[in-house]
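Everything on this sheet refers to the single structure shown next.
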Amino acid sequence: MTKGGMESVELFTTEGKGRGLKAQKEFLAGDVIFAEPAYAAVVFDSLTHVICHTCFKRQERLHRCGQCKFAHYCDRTCQRAAWLNHKNECSAIKRHGKAPTENIRLAARILWKMEREGSGLSEGCLVAIEELQNHVDSFGEEEKKELRADVESFLEFWPPQCQQFGMQLISHIFGVISCNGFTLSDQRGLQAVGVGIFPNLCQANHDCWPNCTVVFNNGNHEAVRSMFHTQMRIELRALNKISPGDELTVSYVDFLSLSEERRKQLKKQYYFDCTCEHCKKQLKDDLMLAVKAGESKPSADTVKEVIQLSKDTLEKINKARMEGHYHEVVKLCRDCLKKQEPVLGDTNIYLLRILSIASEVLSYLQMFEEAADYAKRMVDGYLKIYHPNNAQLGMAVMRAGVTHWHAGLIEAGHGLICKAYAILLITHGPSHPITKDLEVMRVQTEMELRMFQQNEFMYYKMREAALKNQKIQVMPEPSNETTPSLFHKKE
């Protein structure tokens with residue numbers, strides 16, 4: 001089954017798994033299998049003043065809608081592009097007196113679109129909104145309570161002059177948002193800023209070791225090109241060679257967890273038991289639980305003790321980070337690493353989690369040399385665990401490269417930046433802002449490396465002079481958020 005720009009994929013149904021997507025032709029790593037605009041999307045409640053409501057880019061100054069005073073836009077181009085979807089919302093917010101929560105706003109946008117276009121298949125969609133999975137029957141008591149509260153708030157917000165929908169459909173829409181809401185990120189892909197519904201993407205099944213990845217592309221409304229190029233959309237990209245007839249899979253969760261933990265998370269959030277190869281055979285679990293090899297192998301009790309200490313430390317670290325006590329975070333990391341290093345192997349996830357936090361926070365505090373050492377060890381561990389073309393791996397390698405560069409370790413920095421660039425070219429594509437940033441860094445570090453190789457003494461002299469004139473670029477403040485996960489789950 002193909003429709004509007006979806007000729008390269010086929011919708012199929014299997015017993016036990018339900019619907020899925022298959023490739024209709026061969027794809028190579030980095031190929032865009034399909035691009036899909038959002039059926040409906042909204043900015044998170046906490047970010048409505050700093051994120052454009054059309055393209056989801058973070059901007060310094062945004063134009064506010066003169067009518068409802070709620071929606072914000074980059075400029076007139078974004079405001080005009082939003083009017084079809086914002087028109088009903090604008091008058092409803094004025095009538096209601098305030099904007100409702102993101103879930104209510106998204107449900108309303110979906111139903112206004114259904115009112116405009118009618119039910120059934122929308123252009124370019126393989127599946128109608130009414131046919132998407134809602135999992136309402138699997139909801140626990142707490143989730144059912146939240147659903148009832150959302151439906152009640154929705155009915156208060158929904159204007160009486162608009163088409164009235166039945167309770168069953170309204171509940172279905174909230175179920176779809178809960179299970180299939182896709183996380184939208186800012187232009188650098190570093191922060192989750194909104195949630196949208198993409199019916200075709202919803203058909204891609206999960207695999208812990210997938211053959212595809214999803215990237216959010218904010219589009220470019222300045223480009224004088226067709227809508228396909230300028231519109232905000234998600235892109236499904238191939239991570240490796242895919243043959244015709246192969247199922248297209250994406251990962252709903254980060255791979256850097258034990259198979260049992262991933263399965264628990266998938267069951268809790270998405271209501272299915274993962275039967276992928278990596279979960280069935282517990283592949284890579286041995287690496288993630290590795291202990292120090294050698295003659296004096298630590299005892300099972302010692303390992304258990306250190307893992308418990310690591311878990312307790314991670315809780316303390318989260319509390320200190322929330323309060324902005326970064327020097328306390330560094331102390332906690334150093335103390336924990338001292339205990340971990342004689343006991344845990346270099347791919348152990350508890351060691352890797354502490355190394356990741358330590359390198360990020362030390363970079364922010366501009367203690368680059370120590371940060372670079374931890375970042376290198378983190379990347380060495382990640383490379384043995386992650387799929388070679390994993391987006392989170394690419395971002396971690398990039399961060400390590402920038403840290404080495406800031407530390408004046410130009411050879412290692414350039415090497416890591418090149419490695420990150422090769423990964424992100426596949427996962428994000430050459431036109432994504434983060435890939436473009438990396439390309440600039442790659443060129444800059446290559447130039448500096450050449451200078452370093454020609455005359456080391458002169459390189460350090462020039463670097464010293466440059467740093468005196470221009471303070472080294474400060475790393476962004478560490479965030480408690482991990483890289484945005486694929487699907488947005490209301491907590």
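FYI, nothing fancy with the structure tokens labels: chains A, B, ... in order, residues from 1 per chain, ligands from 1 as they appear.
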
Taking a cut-off of 12 Å and counting only C-alpha atoms, can you build a table that, for each residue of region 344-387 of chain A near region 421-431 of chain A, reports the nearest atom pair and how far apart they are in Å (one decimal), sorted by chain then residue number, as a Markdown table?
| residue | atom | partner | partner_atom | distance |
| --- | --- | --- | --- | --- |
| A:Leu383 | CA | A:Ile423 | CA | 11.7 |
| A:Tyr386 | CA | A:Ile423 | CA | 11.8 |
| A:His387 | CA | A:Ile423 | CA | 10.3 |

Do a neighbour search on Phe255 (chain A) at 12 Å with only C-alpha atoms, toss out local chain neighbours closer than 6 positions, and write the hits as an MDAnalysis selection string. chainID A and resid 206:210 261:263 265:266 278:279 282:285 288 349 382 385:387 390:393 485

Shell around Trp405 (chain A) at 12 Å using only C-alpha atoms, local window under 2 positions removed, as a ChimeraX atom specification: /A:363,366,368-369,371-372,375,398-403,407-417,441-442,444-446,448-449,463,472-473,475

What would the file look like if the residues just selected were written as a JSON list (two decimals), in the first residue's frame with C-alpha atoms?
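The resulting part_10.json:
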[["chain", "number", "residue", "atom", "x", "y", "z"],
["A", 363, "SER", "CA", 33.58, 20.75, 30.42],
["A", 366, "GLN", "CA", 36.07, 24.61, 31.87],
["A", 368, "PHE", "CA", 38.85, 20.55, 30.01],
["A", 369, "GLU", "CA", 41.85, 18.26, 30.50],
["A", 371, "ALA", "CA", 36.93, 16.22, 31.18],
["A", 372, "ALA", "CA", 38.74, 15.01, 28.04],
["A", 375, "ALA", "CA", 35.14, 11.65, 27.69],
["A", 398, "MET", "CA", 31.00, 15.03, 19.09],
["A", 399, "ARG", "CA", 30.91, 16.21, 22.72],
["A", 400, "ALA", "CA", 34.16, 14.32, 23.43],
["A", 401, "GLY", "CA", 35.77, 15.87, 20.33],
["A", 402, "VAL", "CA", 34.84, 19.41, 21.36],
["A", 403, "THR", "CA", 36.13, 18.74, 24.90],
["A", 407, "ALA", "CA", 41.70, 21.09, 26.17],
["A", 408, "GLY", "CA", 44.25, 21.83, 23.41],
["A", 409, "LEU", "CA", 44.49, 18.12, 22.47],
["A", 410, "ILE", "CA", 44.11, 18.94, 18.81],
["A", 411, "GLU", "CA", 45.01, 15.54, 17.29],
["A", 412, "ALA", "CA", 42.54, 13.56, 19.40],
["A", 413, "GLY", "CA", 39.94, 16.36, 19.12],
["A", 414, "HIS", "CA", 40.08, 16.45, 15.32],
["A", 415, "GLY", "CA", 39.91, 12.64, 15.12],
["A", 416, "LEU", "CA", 36.80, 12.49, 17.31],
["A", 417, "ILE", "CA", 35.11, 15.36, 15.46],
["A", 441, "MET", "CA", 34.46, 22.42, 13.53],
["A", 442, "ARG", "CA", 36.00, 19.75, 11.29],
["A", 444, "GLN", "CA", 38.69, 24.54, 11.85],
["A", 445, "THR", "CA", 40.36, 21.64, 13.71],
["A", 446, "GLU", "CA", 41.92, 20.37, 10.46],
["A", 448, "GLU", "CA", 44.74, 23.90, 13.53],
["A", 449, "LEU", "CA", 46.08, 20.35, 13.28],
["A", 463, "ARG", "CA", 46.50, 29.33, 20.93],
["A", 472, "ILE", "CA", 37.16, 30.02, 25.13],
["A", 473, "GLN", "CA", 33.60, 29.20, 24.17],
["A", 475, "MET", "CA", 30.05, 24.61, 26.95]]

Please provide the set of residues having any atom within 7 Å of Phe157 (chain A), restricted to only C-alpha atoms, with same-chain residues fewer than 2 positions apart removed, written as a PDB file with N, CA, C and O atoms, in the first residue's frame.
ATOM      1  N   ALA A  92     -10.574  29.922  20.360  1.00  0.00           N
ATOM      2  CA  ALA A  92     -10.924  29.083  21.521  1.00  0.00           C
ATOM      3  C   ALA A  92     -10.185  29.545  22.770  1.00  0.00           C
ATOM      4  O   ALA A  92     -10.743  29.566  23.873  1.00  0.00           O
ATOM      5  N   HIS A  96     -11.912  30.878  26.087  1.00  0.00           N
ATOM      6  CA  HIS A  96     -11.647  30.102  27.309  1.00  0.00           C
ATOM      7  C   HIS A  96     -10.952  30.957  28.378  1.00  0.00           C
ATOM      8  O   HIS A  96     -11.027  30.651  29.569  1.00  0.00           O
ATOM      9  N   SER A 153     -11.294  18.383  30.708  1.00  0.00           N
ATOM     10  CA  SER A 153     -10.681  19.687  30.366  1.00  0.00           C
ATOM     11  C   SER A 153     -10.896  20.013  28.890  1.00  0.00           C
ATOM     12  O   SER A 153     -11.125  21.170  28.533  1.00  0.00           O
ATOM     13  N   PHE A 154     -10.803  18.982  28.056  1.00  0.00           N
ATOM     14  CA  PHE A 154     -10.995  19.185  26.618  1.00  0.00           C
ATOM     15  C   PHE A 154     -12.403  19.706  26.336  1.00  0.00           C
ATOM     16  O   PHE A 154     -12.588  20.647  25.565  1.00  0.00           O
ATOM     17  N   LEU A 155     -13.410  19.099  26.977  1.00  0.00           N
ATOM     18  CA  LEU A 155     -14.807  19.485  26.731  1.00  0.00           C
ATOM     19  C   LEU A 155     -15.070  20.922  27.183  1.00  0.00           C
ATOM     20  O   LEU A 155     -15.882  21.624  26.585  1.00  0.00           O
ATOM     21  N   PRO A 159     -14.964  24.619  21.619  1.00  0.00           N
ATOM     22  CA  PRO A 159     -16.037  25.604  21.402  1.00  0.00           C
ATOM     23  C   PRO A 159     -17.374  24.951  21.008  1.00  0.00           C
ATOM     24  O   PRO A 159     -17.385  23.984  20.239  1.00  0.00           O
TER      25      PRO A 159
END

Set the distance at 10 Å and use only C-alpha atoms: which residues neighbour Ser46 (chain A) once local chain neighbours fewer than 6 positions away are removed? I'd like the list as a list in words.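 Contacts, with the query itself left out: Thr101, Glu102, Val193 and Gly194 of chain A.
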
Using DSSP on the backbone, list every residue of region 325-401 of chain A that comes out as alpha helix (DSSP H), and give them as number ranges by chain. A: 326-340, 349-364, 368-385, 391-401

Any chance you can output those residues with C-alpha atoms as a PDB file, in the first residue's frame?
ATOM      1  CA  TYR A 326      28.129  21.395  39.813  1.00  0.00           C
ATOM      2  CA  HIS A 327      31.259  21.251  41.991  1.00  0.00           C
ATOM      3  CA  GLU A 328      29.389  18.836  44.267  1.00  0.00           C
ATOM      4  CA  VAL A 329      28.534  16.745  41.159  1.00  0.00           C
ATOM      5  CA  VAL A 330      32.240  16.586  40.239  1.00  0.00           C
ATOM      6  CA  LYS A 331      33.199  15.477  43.775  1.00  0.00           C
ATOM      7  CA  LEU A 332      30.512  12.744  43.745  1.00  0.00           C
ATOM      8  CA  CYS A 333      31.753  11.518  40.317  1.00  0.00           C
ATOM      9  CA  ARG A 334      35.426  11.448  41.366  1.00  0.00           C
ATOM     10  CA  ASP A 335      34.647   9.554  44.603  1.00  0.00           C
ATOM     11  CA  CYS A 336      32.437   7.061  42.758  1.00  0.00           C
ATOM     12  CA  LEU A 337      35.020   6.483  39.991  1.00  0.00           C
ATOM     13  CA  LYS A 338      37.698   5.683  42.600  1.00  0.00           C
ATOM     14  CA  LYS A 339      35.482   2.878  43.897  1.00  0.00           C
ATOM     15  CA  GLN A 340      34.359   1.718  40.423  1.00  0.00           C
ATOM     16  CA  ILE A 349      27.054   0.912  32.107  1.00  0.00           C
ATOM     17  CA  TYR A 350      27.360   2.207  35.686  1.00  0.00           C
ATOM     18  CA  LEU A 351      30.954   3.291  35.020  1.00  0.00           C
ATOM     19  CA  LEU A 352      29.951   4.792  31.646  1.00  0.00           C
ATOM     20  CA  ARG A 353      27.089   6.790  33.200  1.00  0.00           C
ATOM     21  CA  ILE A 354      29.419   8.389  35.760  1.00  0.00           C
ATOM     22  CA  LEU A 355      32.089   9.085  33.091  1.00  0.00           C
ATOM     23  CA  SER A 356      29.454  10.766  30.886  1.00  0.00           C
ATOM     24  CA  ILE A 357      28.225  13.063  33.674  1.00  0.00           C
ATOM     25  CA  ALA A 358      31.762  13.867  34.867  1.00  0.00           C
ATOM     26  CA  SER A 359      32.975  14.819  31.366  1.00  0.00           C
ATOM     27  CA  GLU A 360      29.900  16.981  30.664  1.00  0.00           C
ATOM     28  CA  VAL A 361      29.988  18.877  33.980  1.00  0.00           C
ATOM     29  CA  LEU A 362      33.787  19.354  33.978  1.00  0.00           C
ATOM     30  CA  SER A 363      33.582  20.745  30.421  1.00  0.00           C
ATOM     31  CA  TYR A 364      30.951  23.224  31.596  1.00  0.00           C
ATOM     32  CA  PHE A 368      38.847  20.552  30.009  1.00  0.00           C
ATOM     33  CA  GLU A 369      41.851  18.263  30.503  1.00  0.00           C
ATOM     34  CA  GLU A 370      40.192  16.120  33.173  1.00  0.00           C
ATOM     35  CA  ALA A 371      36.926  16.215  31.182  1.00  0.00           C
ATOM     36  CA  ALA A 372      38.741  15.014  28.042  1.00  0.00           C
ATOM     37  CA  ASP A 373      40.196  11.997  29.858  1.00  0.00           C
ATOM     38  CA  TYR A 374      36.741  10.909  31.079  1.00  0.00           C
ATOM     39  CA  ALA A 375      35.145  11.649  27.688  1.00  0.00           C
ATOM     40  CA  LYS A 376      37.711   9.459  25.887  1.00  0.00           C
ATOM     41  CA  ARG A 377      37.024   6.523  28.216  1.00  0.00           C
ATOM     42  CA  MET A 378      33.270   7.021  27.809  1.00  0.00           C
ATOM     43  CA  VAL A 379      33.519   6.987  24.005  1.00  0.00           C
ATOM     44  CA  ASP A 380      35.778   3.895  24.004  1.00  0.00           C
ATOM     45  CA  GLY A 381      33.073   2.076  26.015  1.00  0.00           C
ATOM     46  CA  TYR A 382      30.198   3.374  23.880  1.00  0.00           C
ATOM     47  CA  LEU A 383      31.901   2.228  20.656  1.00  0.00           C
ATOM     48  CA  LYS A 384      31.843  -1.380  21.913  1.00  0.00           C
ATOM     49  CA  ILE A 385      28.152  -1.245  22.854  1.00  0.00           C
ATOM     50  CA  ALA A 391      22.649   9.033  16.785  1.00  0.00           C
ATOM     51  CA  GLN A 392      23.331   9.100  20.545  1.00  0.00           C
ATOM     52  CA  LEU A 393      26.776   7.638  19.925  1.00  0.00           C
ATOM     53  CA  GLY A 394      27.416  10.370  17.326  1.00  0.00           C
ATOM     54  CA  MET A 395      26.388  13.114  19.766  1.00  0.00           C
ATOM     55  CA  ALA A 396      28.595  11.657  22.538  1.00  0.00           C
ATOM     56  CA  VAL A 397      31.610  11.424  20.182  1.00  0.00           C
ATOM     57  CA  MET A 398      31.001  15.034  19.089  1.00  0.00           C
ATOM     58  CA  ARG A 399      30.913  16.207  22.716  1.00  0.00           C
ATOM     59  CA  ALA A 400      34.158  14.323  23.429  1.00  0.00           C
ATOM     60  CA  GLY A 401      35.775  15.866  20.333  1.00  0.00           C
TER      61      GLY A 401
END

For region 409-440 of chain A against region 180-186 of chain A, with a cut-off of 12 Å and counting only C-alpha atoms, what is the closest atom pair and its distance in Å to one decimal for every residue that makes the cut, ordered by chain and number, as JSON lines?
{"residue": "A:His432", "atom": "CA", "partner": "A:Asp186", "partner_atom": "CA", "distance": 11.4}
{"residue": "A:Pro433", "atom": "CA", "partner": "A:Asp186", "partner_atom": "CA", "distance": 10.1}
{"residue": "A:Ile434", "atom": "CA", "partner": "A:Asp186", "partner_atom": "CA", "distance": 10.6}

I'd like the contact shell of Arg105 (chain A) - 8 Å cut-off, only C-alpha atoms, skipping same-chain residues fewer than 6 positions apart - returned as an MDAnalysis selection string. chainID A and resid 42 89 99

Can I get the selection written as a PDB file, in the first residue's frame, with C-alpha atoms?
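Printed below is part28.pdb as written:
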ATOM      1  CA  VAL A  42       2.230  21.634  19.752  1.00  0.00           C
ATOM      2  CA  GLU A  89      -7.183  27.525  18.557  1.00  0.00           C
ATOM      3  CA  ALA A  99      -4.469  28.241  26.916  1.00  0.00           C
TER       4      ALA A  99
END

For Arg109 (chain A), the closest of A:Asn88, A:Thr347, A:Gln133, A:Thr14 counting only C-alpha atoms is A:Asn88

Report, in Å to a single decimal, how far apart CA of Ser178 (chain A) and CA of Lys98 (chain A) are.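 Interatomic distance, CA of Lys98 (chain A) to CA of Ser178 (chain A): 23.1 Å.
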
Which value, in Å to one decimal, gives the distance between CA of Gly345 (chain A) and CA of Glu277 (chain A)? 24.2 Å

Sorted per-residue table, region 70-138 of chain A near region 161-174 of chain A, closest atoms and distance, 12 Å, only C-alpha atoms, as CSV:
residue,atom,partner,partner_atom,distance
A:Asn88,CA,A:Cys162,CA,8.9
A:Glu89,CA,A:Cys162,CA,11.2
A:Ser91,CA,A:Gln161,CA,11.3
A:Ala92,CA,A:Cys162,CA,10.0
A:Arg95,CA,A:Gln161,CA,11.7
A:Glu102,CA,A:Phe174,CA,11.3
A:Asn103,CA,A:Phe174,CA,7.5
A:Ile104,CA,A:Phe174,CA,8.4
A:Arg105,CA,A:Phe174,CA,10.8
A:Leu106,CA,A:Phe174,CA,8.9
A:Ala107,CA,A:Ile173,CA,6.2
A:Ala108,CA,A:Ile170,CA,9.3
A:Arg109,CA,A:Ile173,CA,10.6
A:Ile110,CA,A:Ile173,CA,7.9
A:Leu111,CA,A:Phe165,CA,8.2
A:Trp112,CA,A:Cys162,CA,8.3
A:Lys113,CA,A:Gln163,CA,11.1
A:Met114,CA,A:Gln163,CA,9.6
A:Glu115,CA,A:Gln163,CA,6.6
A:Arg116,CA,A:Gln163,CA,9.7
A:Gly118,CA,A:Gln163,CA,10.9
A:Ser119,CA,A:Leu169,CA,11.1
A:Ala128,CA,A:Ile173,CA,11.7
A:Ile129,CA,A:Ile173,CA,8.0
A:Glu130,CA,A:His172,CA,7.6
A:Glu131,CA,A:His172,CA,9.5
A:Leu132,CA,A:His172,CA,8.7
A:Gln133,CA,A:His172,CA,8.5
A:Asn134,CA,A:His172,CA,5.9
A:His135,CA,A:His172,CA,8.7
A:Val136,CA,A:His172,CA,7.3
A:Asp137,CA,A:His172,CA,10.4

Which of region 61-127 of chain A counts as strand (DSSP E or B) under DSSP, as a ChimeraX atom specification please? /A:63-64,72-73

Those same residues, written as a PDB file, in the first residue's frame with N, CA and C atoms?
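Saved the output as result.pdb:
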ATOM      1  N   HIS A  63       7.720  36.742  17.730  1.00  0.00           N
ATOM      2  CA  HIS A  63       6.524  37.586  17.565  1.00  0.00           C
ATOM      3  C   HIS A  63       5.360  36.881  18.236  1.00  0.00           C
ATOM      4  N   ARG A  64       4.561  37.651  18.965  1.00  0.00           N
ATOM      5  CA  ARG A  64       3.422  37.042  19.644  1.00  0.00           C
ATOM      6  C   ARG A  64       2.151  37.276  18.844  1.00  0.00           C
ATOM      7  N   HIS A  72       3.538  32.015  19.693  1.00  0.00           N
ATOM      8  CA  HIS A  72       4.737  32.792  19.371  1.00  0.00           C
ATOM      9  C   HIS A  72       5.376  32.250  18.098  1.00  0.00           C
ATOM     10  N   TYR A  73       5.932  33.157  17.287  1.00  0.00           N
ATOM     11  CA  TYR A  73       6.490  32.764  15.984  1.00  0.00           C
ATOM     12  C   TYR A  73       7.817  33.462  15.709  1.00  0.00           C
TER      13      TYR A  73
END
